[in-house]
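Data from run_1.txt: compact mmCIF, C-alpha atoms
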```
# COMPACT_ATOMS: atom_id res chain seq x y z
CA MET C 20 52.09 2.55 -10.24
CA ALA C 21 49.27 4.16 -8.32
CA ARG C 22 47.69 7.29 -9.73
CA SER C 23 48.09 10.51 -7.80
CA ALA C 24 45.12 12.16 -6.10
CA GLU C 25 45.48 15.15 -8.44
CA HIS C 26 45.37 12.93 -11.51
CA ILE C 27 42.26 11.15 -10.26
CA ILE C 28 40.44 14.40 -9.53
CA LYS C 29 41.34 15.69 -12.97
CA SER C 30 39.83 12.69 -14.71
CA THR C 31 36.80 12.72 -12.38
CA THR C 32 35.97 16.34 -13.11
CA GLN C 33 36.24 15.69 -16.83
CA VAL C 34 33.37 13.23 -16.70
CA ALA C 35 31.63 14.39 -13.52
CA SER C 36 31.11 18.13 -13.45
CA LEU C 37 28.58 19.42 -10.97
CA PRO C 38 25.32 19.56 -12.95
CA THR C 39 24.34 23.05 -14.07
CA ILE C 40 20.90 22.52 -12.54
CA TYR C 41 22.43 22.57 -9.04
CA ILE C 42 24.60 25.60 -9.82
CA LYS C 43 21.55 27.49 -11.12
CA ILE C 44 19.34 26.54 -8.18
CA ASP C 45 22.08 27.47 -5.72
CA GLU C 46 22.62 30.86 -7.38
CA ALA C 47 18.89 31.51 -7.47
CA LEU C 48 18.44 30.62 -3.79
CA ASN C 49 21.40 32.83 -2.81
CA SER C 50 20.05 35.88 -4.61
CA ALA C 51 17.80 38.23 -2.69
CA ASN C 52 14.97 38.38 -5.19
CA CYS C 53 14.36 34.89 -6.44
CA SER C 54 10.83 34.06 -7.52
CA THR C 55 9.34 30.60 -7.19
CA GLN C 56 8.52 30.72 -10.90
CA TYR C 57 12.23 31.10 -11.69
CA LEU C 58 12.99 27.98 -9.62
CA VAL C 59 10.21 26.13 -11.44
CA ASP C 60 11.75 27.12 -14.79
CA ILE C 61 15.17 25.80 -13.75
CA LEU C 62 13.70 22.55 -12.42
CA GLY C 63 11.75 22.19 -15.68
CA GLU C 64 15.04 21.13 -17.33
CA ASP C 65 14.92 17.95 -15.29
CA THR C 66 11.52 16.34 -15.57
CA ALA C 67 12.42 13.40 -13.37
CA LEU C 68 13.45 15.77 -10.58
CA SER C 69 10.27 17.87 -10.98
CA ALA C 70 8.26 14.66 -10.75
CA ARG C 71 10.08 13.66 -7.58
CA LEU C 72 9.32 17.02 -5.99
CA LEU C 73 5.63 16.58 -6.72
CA ARG C 74 5.63 13.05 -5.38
CA LEU C 75 7.47 14.17 -2.28
CA ALA C 76 5.08 17.08 -1.62
CA ASN C 77 2.19 14.63 -1.88
CA SER C 78 3.84 12.03 0.36
CA ALA C 79 2.92 11.20 3.92
CA MET C 80 6.02 13.10 5.02
CA PHE C 81 4.34 16.45 4.52
CA ASN C 82 0.84 15.21 5.21
CA PHE C 83 -0.78 18.00 3.22
CA PRO C 84 -4.59 17.76 3.03
CA ASN C 85 -5.00 18.63 -0.68
CA LYS C 86 -3.37 17.17 -3.76
CA ILE C 87 -0.34 19.20 -4.86
CA ASP C 88 -0.29 19.36 -8.65
CA SER C 89 2.15 22.12 -9.49
CA VAL C 90 5.91 22.25 -8.97
CA SER C 91 5.64 25.77 -7.51
CA GLN C 92 3.26 24.55 -4.78
CA ALA C 93 5.60 21.62 -4.16
CA ILE C 94 8.56 24.00 -3.65
CA THR C 95 6.55 26.03 -1.15
CA ILE C 96 5.69 22.92 0.84
CA ILE C 97 9.12 21.32 0.73
CA GLY C 98 10.94 24.58 1.47
CA THR C 99 13.79 26.19 -0.42
CA GLN C 100 16.58 25.00 1.91
CA GLN C 101 15.51 21.39 1.58
CA LEU C 102 15.17 21.91 -2.17
CA ARG C 103 18.88 22.74 -2.34
CA ALA C 104 19.77 19.51 -0.49
CA LEU C 105 17.51 17.45 -2.72
CA VAL C 106 18.86 18.89 -5.98
CA LEU C 107 22.47 18.42 -4.84
CA ALA C 108 21.85 14.87 -3.65
CA SER C 109 20.07 13.84 -6.83
CA SER C 110 22.77 15.48 -9.00
CA VAL C 111 25.59 13.67 -7.20
CA MET C 112 23.67 10.41 -7.23
CA LYS C 113 23.29 10.62 -10.98
CA LEU C 114 27.02 11.21 -11.47
CA PHE C 115 27.99 8.11 -9.54
CA LYS C 116 25.16 5.75 -10.35
CA ASP C 117 27.05 3.21 -12.48
CA ILE C 118 29.30 1.85 -9.74
CA PRO C 119 29.31 -1.98 -9.73
CA GLU C 120 27.27 -3.60 -6.99
CA ASP C 121 30.09 -5.96 -5.97
CA LEU C 122 32.18 -2.96 -4.86
CA ILE C 123 29.53 -1.14 -2.90
CA ASN C 124 25.77 -1.24 -2.54
CA MET C 125 24.78 2.31 -3.46
CA GLU C 126 21.65 2.30 -1.33
CA MET C 127 23.77 1.37 1.70
CA PHE C 128 26.25 4.10 0.79
CA TRP C 129 23.55 6.77 0.65
CA ARG C 130 21.92 5.46 3.80
CA HIS C 131 25.19 6.02 5.68
CA SER C 132 25.47 9.51 4.19
CA ILE C 133 21.87 10.30 5.18
CA ALA C 134 22.42 9.03 8.75
CA CYS C 135 25.48 11.29 9.01
CA ALA C 136 23.50 14.18 7.49
CA VAL C 137 20.64 13.79 9.98
CA SER C 138 23.04 13.47 12.96
CA ALA C 139 24.93 16.56 11.85
CA ARG C 140 21.69 18.50 11.51
CA VAL C 141 20.50 17.34 14.96
CA ILE C 142 23.80 18.34 16.60
CA ALA C 143 23.75 21.69 14.79
CA SER C 144 20.21 22.42 15.91
CA LEU C 145 21.06 21.51 19.52
CA ARG C 146 23.92 24.01 19.27
CA ARG C 147 21.49 26.57 17.83
CA ALA C 148 23.71 26.93 14.78
CA ALA C 149 22.62 29.09 11.87
CA ASN C 150 22.06 27.40 8.48
CA ILE C 151 21.41 23.95 9.85
CA GLU C 152 20.57 22.65 6.36
CA TYR C 153 24.23 23.16 5.43
CA PHE C 154 25.11 20.56 8.04
CA PHE C 155 22.71 18.19 6.34
CA LEU C 156 24.46 18.82 3.01
CA ALA C 157 27.86 18.37 4.65
CA GLY C 158 26.78 14.99 5.99
CA LEU C 159 25.41 13.91 2.61
CA LEU C 160 28.70 14.75 0.88
CA HIS C 161 31.29 13.77 3.50
CA ASP C 162 32.19 10.39 1.93
CA ILE C 163 31.94 11.46 -1.72
CA GLY C 164 35.66 10.66 -2.06
CA ARG C 165 34.77 6.96 -1.71
CA LEU C 166 32.54 7.24 -4.77
CA ILE C 167 35.47 8.70 -6.70
CA MET C 168 37.58 5.72 -5.59
CA PHE C 169 34.93 3.18 -6.59
CA LYS C 170 34.66 4.85 -9.98
CA GLU C 171 38.28 5.70 -10.78
CA ILE C 172 40.39 3.13 -8.91
CA PRO C 173 38.10 0.13 -8.37
CA ASN C 174 40.96 -2.38 -8.04
CA GLU C 175 42.83 -0.39 -5.43
CA ILE C 176 39.76 0.33 -3.28
CA SER C 177 38.65 -3.27 -3.52
CA GLN C 178 42.07 -4.33 -2.24
CA ALA C 179 41.76 -1.77 0.57
CA LEU C 180 38.31 -3.13 1.51
CA LYS C 181 39.71 -6.66 1.61
CA GLN C 182 42.74 -5.68 3.67
CA ALA C 183 40.66 -3.61 6.12
CA SER C 184 38.30 -6.50 6.65
CA GLU C 185 41.10 -9.05 7.11
CA THR C 186 43.21 -6.96 9.48
CA LYS C 187 40.27 -5.21 11.20
CA GLN C 188 41.80 -1.82 10.42
CA LEU C 189 39.84 1.35 9.74
CA LEU C 190 39.32 1.63 5.99
CA PHE C 191 40.53 5.23 5.67
CA LYS C 192 43.83 4.26 7.29
CA VAL C 193 44.30 1.34 4.89
CA GLU C 194 43.54 3.67 1.96
CA LYS C 195 46.24 6.04 3.17
CA GLU C 196 48.70 3.18 3.63
CA LEU C 197 48.10 1.73 0.16
CA LEU C 198 47.65 4.91 -1.85
CA GLY C 199 49.24 7.72 0.14
CA TYR C 200 45.90 9.53 0.48
CA ASP C 201 42.42 8.64 1.73
CA HIS C 202 38.86 9.29 0.53
CA SER C 203 38.47 12.45 2.64
CA LYS C 204 41.30 14.13 0.73
CA LEU C 205 39.81 13.17 -2.66
CA GLY C 206 36.35 14.36 -1.57
CA GLY C 207 37.66 17.72 -0.41
CA MET C 208 39.53 18.18 -3.68
CA LEU C 209 36.46 17.40 -5.78
CA LEU C 210 34.20 19.78 -3.83
CA LYS C 211 36.88 22.45 -4.24
CA GLU C 212 36.91 21.87 -8.01
CA TRP C 213 33.13 22.15 -7.94
CA LYS C 214 33.49 25.47 -6.07
CA LEU C 215 31.12 24.44 -3.30
CA PRO C 216 31.12 26.56 -0.10
CA PRO C 217 34.33 26.27 1.98
CA GLN C 218 32.62 24.78 5.04
CA LEU C 219 31.43 21.85 2.89
CA ILE C 220 34.96 21.40 1.49
CA GLU C 221 36.55 21.42 4.95
CA SER C 222 34.01 19.16 6.62
CA THR C 223 34.52 16.63 3.81
CA ALA C 224 38.32 16.93 3.71
CA TYR C 225 38.85 16.76 7.48
CA HIS C 226 36.05 14.59 8.83
CA HIS C 227 38.65 12.04 9.97
CA ASN C 228 41.20 14.69 11.09
CA PRO C 229 39.15 17.52 12.60
CA GLN C 230 42.28 19.19 14.05
CA ARG C 231 43.52 19.98 10.56
CA SER C 232 40.64 22.30 9.82
CA SER C 233 41.60 25.95 9.86
CA ASP C 234 38.52 28.09 9.28
CA PHE C 235 35.56 25.85 10.07
CA LYS C 236 36.59 23.91 13.16
CA ASP C 237 33.05 23.85 14.57
CA GLU C 238 31.46 22.60 11.34
CA VAL C 239 34.16 19.96 10.87
CA ALA C 240 33.83 18.77 14.49
CA VAL C 241 30.07 18.33 14.02
CA VAL C 242 30.47 16.22 10.86
CA HIS C 243 33.29 14.21 12.51
CA ALA C 244 31.01 13.30 15.45
CA ALA C 245 28.01 12.71 13.18
CA ASP C 246 30.01 10.23 11.06
CA ILE C 247 31.01 8.29 14.17
CA ILE C 248 27.42 8.17 15.39
CA ALA C 249 26.18 6.97 11.97
CA ASN C 250 28.89 4.29 11.81
CA SER C 251 28.33 3.15 15.36
CA MET C 252 24.61 2.66 14.71
CA GLN C 253 25.32 0.84 11.42
CA LEU C 254 22.73 2.80 9.51
CA GLY C 255 23.97 1.99 6.00
CA SER C 256 27.68 1.76 5.18
CA SER C 257 30.08 3.55 2.86
CA GLY C 258 32.51 0.65 3.01
CA GLU C 259 33.71 1.19 6.58
CA ARG C 260 32.74 -1.68 8.88
CA LEU C 261 34.09 -0.40 12.22
CA VAL C 262 33.52 2.71 14.32
CA PRO C 263 36.20 5.36 13.63
CA THR C 264 38.07 6.93 16.55
CA LEU C 265 36.36 9.90 18.21
CA ASP C 266 38.60 12.96 18.55
CA SER C 267 37.77 14.02 22.10
CA GLN C 268 38.93 17.60 21.46
CA ALA C 269 36.51 17.86 18.54
CA TRP C 270 33.68 16.61 20.75
CA GLN C 271 34.67 19.19 23.38
CA ARG C 272 34.60 21.91 20.75
CA ILE C 273 30.99 21.04 19.94
CA GLY C 274 30.27 22.17 23.49
CA LEU C 275 27.27 19.96 24.28
CA PRO C 276 26.97 17.92 27.49
CA ASP C 277 28.10 14.29 27.11
CA ALA C 278 24.68 12.94 28.06
CA ILE C 279 23.15 14.73 25.04
CA ILE C 280 24.34 11.78 22.93
CA ASN C 281 21.19 9.92 23.98
CA THR C 282 19.01 12.76 22.69
CA ILE C 283 20.97 12.73 19.42
CA ILE C 284 20.49 8.95 19.06
CA ASN C 285 16.73 9.29 19.72
CA GLU C 286 16.33 12.15 17.24
CA LEU C 287 18.37 10.30 14.60
CA GLN C 288 16.15 7.24 14.98
CA LYS C 289 13.05 9.43 14.71
CA GLN C 290 14.17 11.35 11.63
CA TYR C 291 16.18 8.72 9.74
CA ASP C 292 13.42 6.93 7.79
CA ILE C 293 11.83 10.21 6.74
CA ALA C 294 15.18 11.55 5.54
CA VAL C 295 15.83 8.33 3.58
CA GLU C 296 12.47 8.72 1.88
CA PHE C 297 13.27 12.36 1.22
CA VAL C 298 16.65 11.75 -0.41
CA LEU C 299 16.24 8.32 -2.00
CA GLY C 300 12.53 8.41 -2.74
CA SER C 301 10.22 5.46 -2.38
CA ASP C 302 10.98 2.06 -3.93
CA ASN C 303 8.45 2.36 -6.72
CA SER C 304 9.71 5.77 -7.85
CA ASP C 305 10.43 4.74 -11.45
CA GLU C 306 6.93 3.78 -12.45
CA LEU C 307 5.61 7.13 -11.23
CA GLU C 308 8.27 9.16 -12.97
CA SER C 309 6.44 9.60 -16.29
CA GLY C 310 3.11 10.76 -14.93
CA ALA C 311 3.97 14.22 -13.63
CA ALA C 312 6.42 15.55 -16.21
CA MET P 5 22.17 16.60 43.02
CA ALA P 6 22.17 15.43 39.41
CA LYS P 7 22.58 16.91 35.96
CA VAL P 8 19.36 16.08 34.15
CA LEU P 9 18.75 16.43 30.41
CA LEU P 10 15.83 18.58 29.37
CA ASP P 11 14.01 15.53 27.95
CA ASN P 12 13.90 14.00 31.43
CA ILE P 13 12.93 17.08 33.43
CA GLU P 14 9.50 17.16 34.99
CA THR P 15 7.56 19.91 36.71
CA GLY P 16 7.93 19.91 40.47
CA MET P 17 11.67 19.24 40.40
CA GLU P 18 13.84 21.66 42.39
CA LEU P 19 16.91 23.42 40.97
CA ASN P 20 20.12 22.61 42.81
CA SER P 21 22.09 25.46 41.21
CA ASP P 22 21.45 28.52 39.02
CA VAL P 23 20.54 27.94 35.38
CA ILE P 24 22.89 29.95 33.17
CA ASP P 25 22.60 30.44 29.40
CA ARG P 26 25.47 30.31 26.91
CA GLN P 27 26.25 33.99 27.44
CA GLY P 28 26.52 33.48 31.19
CA ARG P 29 23.25 35.19 32.10
CA VAL P 30 21.37 33.71 35.04
CA LEU P 31 17.94 32.59 33.85
CA LEU P 32 16.72 30.96 37.06
CA LYS P 33 18.02 30.85 40.62
CA ALA P 34 18.83 27.74 42.64
CA GLY P 35 15.90 26.57 44.75
CA VAL P 36 13.19 27.32 42.17
CA ILE P 37 10.54 24.60 41.82
CA LEU P 38 10.12 24.02 38.08
CA THR P 39 6.78 24.67 36.36
CA GLU P 40 5.60 24.23 32.73
CA LYS P 41 6.55 27.85 32.10
CA HIS P 42 10.15 27.20 33.15
CA LEU P 43 10.41 24.20 30.83
CA ARG P 44 9.24 26.39 27.96
CA ILE P 45 11.88 28.97 28.88
CA PHE P 46 14.61 26.31 28.80
CA ASN P 47 13.48 25.28 25.35
CA THR P 48 13.46 28.85 24.10
CA TRP P 49 16.92 29.63 25.47
CA GLY P 50 18.52 26.41 24.34
CA ILE P 51 19.23 25.05 27.83
CA LEU P 52 20.03 21.36 27.39
CA GLU P 53 20.49 20.16 30.96
CA VAL P 54 19.98 21.54 34.47
CA ASP P 55 21.18 20.62 37.92
CA ILE P 56 18.33 19.10 39.95
CA LYS P 57 18.21 18.57 43.72
CA GLY P 58 17.86 15.02 44.97
CA ASP P 59 18.87 11.72 43.49
CA ILE P 60 17.34 11.25 40.07
CA SER P 61 18.07 8.19 38.05
CA GLN P 62 18.13 8.97 34.32
CA GLU P 63 18.06 5.34 33.36
CA ASP P 64 14.81 3.55 32.86
CA ALA P 65 14.57 0.25 34.63
CA LYS P 66 16.98 -2.03 32.75
CA LYS P 67 15.33 -4.83 30.85
CA GLU P 68 16.40 -8.33 31.80
CA TYR P 69 18.38 -10.17 29.12
CA PRO P 70 19.74 -13.73 29.28
CA PRO P 71 23.42 -13.65 30.39
CA GLU P 72 24.59 -15.51 27.24
CA LEU P 73 22.96 -12.85 25.07
CA ILE P 74 24.59 -10.05 27.05
CA GLU P 75 27.97 -11.77 26.61
CA GLU P 76 27.39 -12.26 22.87
CA ALA P 77 26.36 -8.61 22.38
CA ASN P 78 29.36 -7.48 24.38
CA GLN P 79 31.80 -9.52 22.30
CA ILE P 80 30.49 -8.28 18.94
CA ALA P 81 30.34 -4.71 20.21
CA GLN P 82 33.97 -4.97 21.37
CA ILE P 83 34.97 -5.74 17.78
CA HIS P 84 32.75 -3.01 16.31
CA PHE P 85 34.15 -0.38 18.70
CA GLN P 86 37.76 -1.65 18.83
CA HIS P 87 39.25 1.60 17.48
CA THR P 88 37.44 3.80 19.99
CA ASP P 89 38.09 4.80 23.59
CA LEU P 90 35.41 2.97 25.57
CA ASN P 91 36.06 5.20 28.57
CA HIS P 92 34.81 8.26 26.71
CA PRO P 93 31.25 8.91 27.94
CA VAL P 94 29.95 9.49 24.40
CA ILE P 95 31.44 6.24 23.09
CA LYS P 96 30.19 4.45 26.20
CA SER P 97 26.63 5.54 25.43
CA LEU P 98 26.94 4.55 21.77
CA PHE P 99 28.36 1.17 22.84
CA GLU P 100 25.52 0.55 25.29
CA ASN P 101 22.96 1.66 22.73
CA TRP P 102 24.44 -0.74 20.17
CA GLN P 103 24.34 -3.61 22.68
CA THR P 104 20.72 -2.91 23.62
CA ARG P 105 19.58 -2.72 20.00
CA TYR P 106 21.43 -5.95 19.20
CA MET P 107 19.82 -7.76 22.14
CA ASP P 108 16.37 -6.36 21.34
CA SER P 109 16.69 -7.70 17.79
CA LYS P 110 17.42 -11.18 19.18
CA VAL P 111 14.67 -11.54 21.79
```
Can I see the file as structure tokens?
Amino acid sequence: MARSAEHIIKSTTQVASLPTIYIKIDEALNSANCSTQYLVDILGEDTALSARLLRLANSAMFNFPNKIDSVSQAITIIGTQQLRALVLASSVMKLFKDIPEDLINMEMFWRHSIACAVSARVIASLRRAANIEYFFLAGLLHDIGRLIMFKEIPNEISQALKQASETKQLLFKVEKELLGYDHSKLGGMLLKEWKLPPQLIESTAYHHNPQRSSDFKDEVAVVHAADIIANSMQLGSSGERLVPTLDSQAWQRIGLPDAIINTIINELQKQYDIAVEFVLGSDNSDELESGAA
Amino acid sequence: MAKVLLDNIETGMELNSDVIDRQGRVLLKAGVILTEKHLRIFNTWGILEVDIKGDISQEDAKKEYPPELIEEANQIAQIHFQHTDLNHPVIKSLFENWQTRYMDSKV
């Protein structure tokens, strides 16, 4: 007997609560008078994360002429909005790091999420949207429901992967057929439990069904299109092997000319490697971890 | 006349119709010959494409690929995009982009 979505979310939240470090950073960044020193103090609880910030600030990505040796300087260089994305990404990555390789390659999973995040941010900036870093976060999180499936119901999702590949169906449809719900529903439920902002919940819950969104139709439409672009270009994979169907009404809602897709593709290709380095870090990250704590 | 994306606009091109921003305000009148200053204005106001007089091809000269390779790329792309509407202009562009990248990786 398959477990209900509610039951799965309950057992996920028991072991995977959103780390307090993200909640604290988010609260601090949302308050009007937040000092850099306060952020440094919060980040001090996680030495590995502090070390990554330093390494990042000193990386070619920021191309800063002098060596950055304090976390507060690193925050200034990286920027507070990007800091939020980095802390959230690294928190979520930690929660779901022990998923067996034969189910999903985690680097490929995060690469797909990053490609969707960059596309969403590019589309949002072309639309002159406010808070474009939220679109980046939305892209990073949109497939988090898959991670719940890999962790909680590995046999069922592995059967779904097999069936999707044999019948050339879209994976989220096979999930729905086998289980009665798909990963987008699970993801939305988890983000709701975590009390993340409603636009992140909706863009995760409805990225395959943008018409079902009620309050954040624009945001959901952007993530829907971004996911299709990321899948079509095969930058990473969250388990899906084929390009999902584009909802033409959602694309219309975005309100950009059709030909802009070529600009989006070019920007995605330009920004993708940098974003991967930003979120995943460089390959030799572990050996550097101890030095800057 | 042709709708041209901002990336492909050059100075000296002539506007075929008025350039209007998202609020419906007219920024530039039809007939204006574009200068550097105008391109900066488009950037500032978030104009993404304008209507240019004359016949402007947005496509760079297509590279020549062996016919077998084109056929191979087309067949794999058909599978990859089988759940999409290939008549939608956005999907069409993504499809063509996929094909080109596939062929470039093989030659």
- Task: Write out as a PyMOL selection string which residues come within 8 Å of Leu10 in chain P when counting all atoms listed in the file, dropping same-chain ones fewer than 5 positions away.
- Result: chain P and resi 43+46+51-54
Chain C near chain P within 10 Å: what's each residue's closest atom pair and its distance in Å to one decimal, counting all atoms listed in the file, ordered by chain then ascending residue number, as CSV?
```
residue,atom,partner,partner_atom,distance
C:Ser144,CA,P:Gly50,CA,9.5
C:Leu145,CA,P:Gly50,CA,7.3
C:Arg146,CA,P:Gly50,CA,7.8
C:Arg147,CA,P:Gly50,CA,7.2
C:Lys187,CA,P:Ile83,CA,8.5
C:Gln188,CA,P:His87,CA,8.2
C:Leu189,CA,P:His87,CA,7.8
C:Ala244,CA,P:Val94,CA,9.8
C:Ile247,CA,P:Ile95,CA,9.2
C:Ile248,CA,P:Leu98,CA,7.4
C:Asn250,CA,P:His84,CA,9.4
C:Ser251,CA,P:Leu98,CA,6.7
C:Met252,CA,P:Trp102,CA,6.4
C:Gln253,CA,P:Trp102,CA,8.9
C:Arg260,CA,P:His84,CA,7.5
C:Leu261,CA,P:His84,CA,5.0
C:Val262,CA,P:Phe85,CA,5.4
C:Pro263,CA,P:His87,CA,6.2
C:Thr264,CA,P:Thr88,CA,4.7
C:Leu265,CA,P:Thr88,CA,6.4
C:Asp266,CA,P:Thr88,CA,9.3
C:Ser267,CA,P:His92,CA,7.9
C:Trp270,CA,P:Val94,CA,8.8
C:Leu275,CA,P:Leu52,CA,8.0
C:Pro276,CA,P:Glu53,CA,7.7
C:Asp277,CA,P:Val94,CA,5.8
C:Ala278,CA,P:Leu9,CA,7.3
C:Ile279,CA,P:Leu9,CA,7.1
C:Ile280,CA,P:Val94,CA,6.2
C:Asn281,CA,P:Ser97,CA,7.1
C:Thr282,CA,P:Asp11,CA,7.8
C:Ile284,CA,P:Leu98,CA,8.3
```
File dump, residues just selected, C-alpha atoms, as a PDB file, in the coordinates of the input:
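Final output, saved to out_7.pdb:
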```
ATOM      1  CA  SER C 144      20.210  22.420  15.910  1.00  0.00           C
ATOM      2  CA  LEU C 145      21.060  21.510  19.520  1.00  0.00           C
ATOM      3  CA  ARG C 146      23.920  24.010  19.270  1.00  0.00           C
ATOM      4  CA  ARG C 147      21.490  26.570  17.830  1.00  0.00           C
ATOM      5  CA  LYS C 187      40.270  -5.210  11.200  1.00  0.00           C
ATOM      6  CA  GLN C 188      41.800  -1.820  10.420  1.00  0.00           C
ATOM      7  CA  LEU C 189      39.840   1.350   9.740  1.00  0.00           C
ATOM      8  CA  ALA C 244      31.010  13.300  15.450  1.00  0.00           C
ATOM      9  CA  ILE C 247      31.010   8.290  14.170  1.00  0.00           C
ATOM     10  CA  ILE C 248      27.420   8.170  15.390  1.00  0.00           C
ATOM     11  CA  ASN C 250      28.890   4.290  11.810  1.00  0.00           C
ATOM     12  CA  SER C 251      28.330   3.150  15.360  1.00  0.00           C
ATOM     13  CA  MET C 252      24.610   2.660  14.710  1.00  0.00           C
ATOM     14  CA  GLN C 253      25.320   0.840  11.420  1.00  0.00           C
ATOM     15  CA  ARG C 260      32.740  -1.680   8.880  1.00  0.00           C
ATOM     16  CA  LEU C 261      34.090  -0.400  12.220  1.00  0.00           C
ATOM     17  CA  VAL C 262      33.520   2.710  14.320  1.00  0.00           C
ATOM     18  CA  PRO C 263      36.200   5.360  13.630  1.00  0.00           C
ATOM     19  CA  THR C 264      38.070   6.930  16.550  1.00  0.00           C
ATOM     20  CA  LEU C 265      36.360   9.900  18.210  1.00  0.00           C
ATOM     21  CA  ASP C 266      38.600  12.960  18.550  1.00  0.00           C
ATOM     22  CA  SER C 267      37.770  14.020  22.100  1.00  0.00           C
ATOM     23  CA  TRP C 270      33.680  16.610  20.750  1.00  0.00           C
ATOM     24  CA  LEU C 275      27.270  19.960  24.280  1.00  0.00           C
ATOM     25  CA  PRO C 276      26.970  17.920  27.490  1.00  0.00           C
ATOM     26  CA  ASP C 277      28.100  14.290  27.110  1.00  0.00           C
ATOM     27  CA  ALA C 278      24.680  12.940  28.060  1.00  0.00           C
ATOM     28  CA  ILE C 279      23.150  14.730  25.040  1.00  0.00           C
ATOM     29  CA  ILE C 280      24.340  11.780  22.930  1.00  0.00           C
ATOM     30  CA  ASN C 281      21.190   9.920  23.980  1.00  0.00           C
ATOM     31  CA  THR C 282      19.010  12.760  22.690  1.00  0.00           C
ATOM     32  CA  ILE C 284      20.490   8.950  19.060  1.00  0.00           C
TER      33      ILE C 284
END
```
- Can you work out the spacing between CA of Glu25 in chain C and CA of Lys204 in chain C in Å, to one decimal?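 Pair CA of Glu25 in chain C / CA of Lys204 in chain C returns 10.1 Å.
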- Neighbours of point (9.6, 24.8, 35.1) within 10 Å, using all atoms listed in the file, written as a list in words: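 I get Ile13, Glu14, Thr15, Gly16, Met17, Glu18, Leu19, Leu32, Val36, Ile37, Leu38, Thr39, Glu40, Lys41, His42, Leu43, Arg44, Ile45 and Phe46 of chain P for the residues within 10 Å of that point.
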- Query: Just how far from CA of Glu286 in chain C is CA of Ser138 in chain C, in Å to one decimal?
  - Reply: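 Computing the Euclidean distance for CA of Ser138 in chain C and CA of Glu286 in chain C yields 8.1 Å.
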- So how far away is CA of Arg231 in chain C from CA of Val141 in chain C, in Å?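 Atom-to-atom, CA of Val141 in chain C to CA of Arg231 in chain C, that is 23.6 Å.
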- Task: Give the answer as one residue: which of C:Glu120, C:Asp201, C:Glu296, C:Glu64 has the shortest atom-to-atom distance to Leu105 in chain C, using only C-alpha atoms?
- Result: C:Glu296
- List the neighbours of Asp237 in chain C out to 8 Å using all atoms listed in the file; skip same-chain residues closer than 6 positions along the sequence, and give me the result as a PyMOL selection string. chain C and resi 269+272-273
Output range 276-288 of chain C from the block with N, CA and C atoms, as a short mmCIF file (atom, residue, chain, number, x, y, z; two decimals), in the first residue's frame?
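selection_0.cif, written as the output of this step:
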```cif
data_model
loop_
_atom_site.label_atom_id
_atom_site.label_comp_id
_atom_site.auth_asym_id
_atom_site.auth_seq_id
_atom_site.Cartn_x
_atom_site.Cartn_y
_atom_site.Cartn_z
N PRO C 276 8.34 38.77 -26.10
CA PRO C 276 8.22 38.30 -27.49
C PRO C 276 8.80 36.89 -27.65
N ASP C 277 8.21 36.11 -28.57
CA ASP C 277 8.67 34.73 -28.76
C ASP C 277 10.16 34.64 -29.06
N ALA C 278 10.64 35.60 -29.87
CA ALA C 278 12.04 35.52 -30.32
C ALA C 278 13.02 35.73 -29.17
N ILE C 279 12.52 36.19 -28.00
CA ILE C 279 13.40 36.45 -26.87
C ILE C 279 14.02 35.14 -26.36
N ILE C 280 13.43 34.01 -26.73
CA ILE C 280 13.94 32.72 -26.28
C ILE C 280 15.42 32.56 -26.63
N ASN C 281 15.82 33.14 -27.79
CA ASN C 281 17.23 33.02 -28.16
C ASN C 281 18.14 33.82 -27.22
N THR C 282 17.64 34.97 -26.78
CA THR C 282 18.40 35.76 -25.79
C THR C 282 18.49 34.99 -24.47
N ILE C 283 17.39 34.34 -24.09
CA ILE C 283 17.39 33.58 -22.83
C ILE C 283 18.40 32.43 -22.91
N ILE C 284 18.39 31.72 -24.05
CA ILE C 284 19.34 30.61 -24.23
C ILE C 284 20.79 31.12 -24.12
N ASN C 285 21.06 32.24 -24.81
CA ASN C 285 22.43 32.79 -24.78
C ASN C 285 22.84 33.18 -23.38
N GLU C 286 21.94 33.87 -22.65
CA GLU C 286 22.26 34.30 -21.29
C GLU C 286 22.47 33.10 -20.37
N LEU C 287 21.60 32.08 -20.54
CA LEU C 287 21.73 30.88 -19.72
C LEU C 287 23.10 30.24 -19.94
N GLN C 288 23.49 30.15 -21.21
CA GLN C 288 24.79 29.53 -21.51
C GLN C 288 25.94 30.35 -20.91
#
```
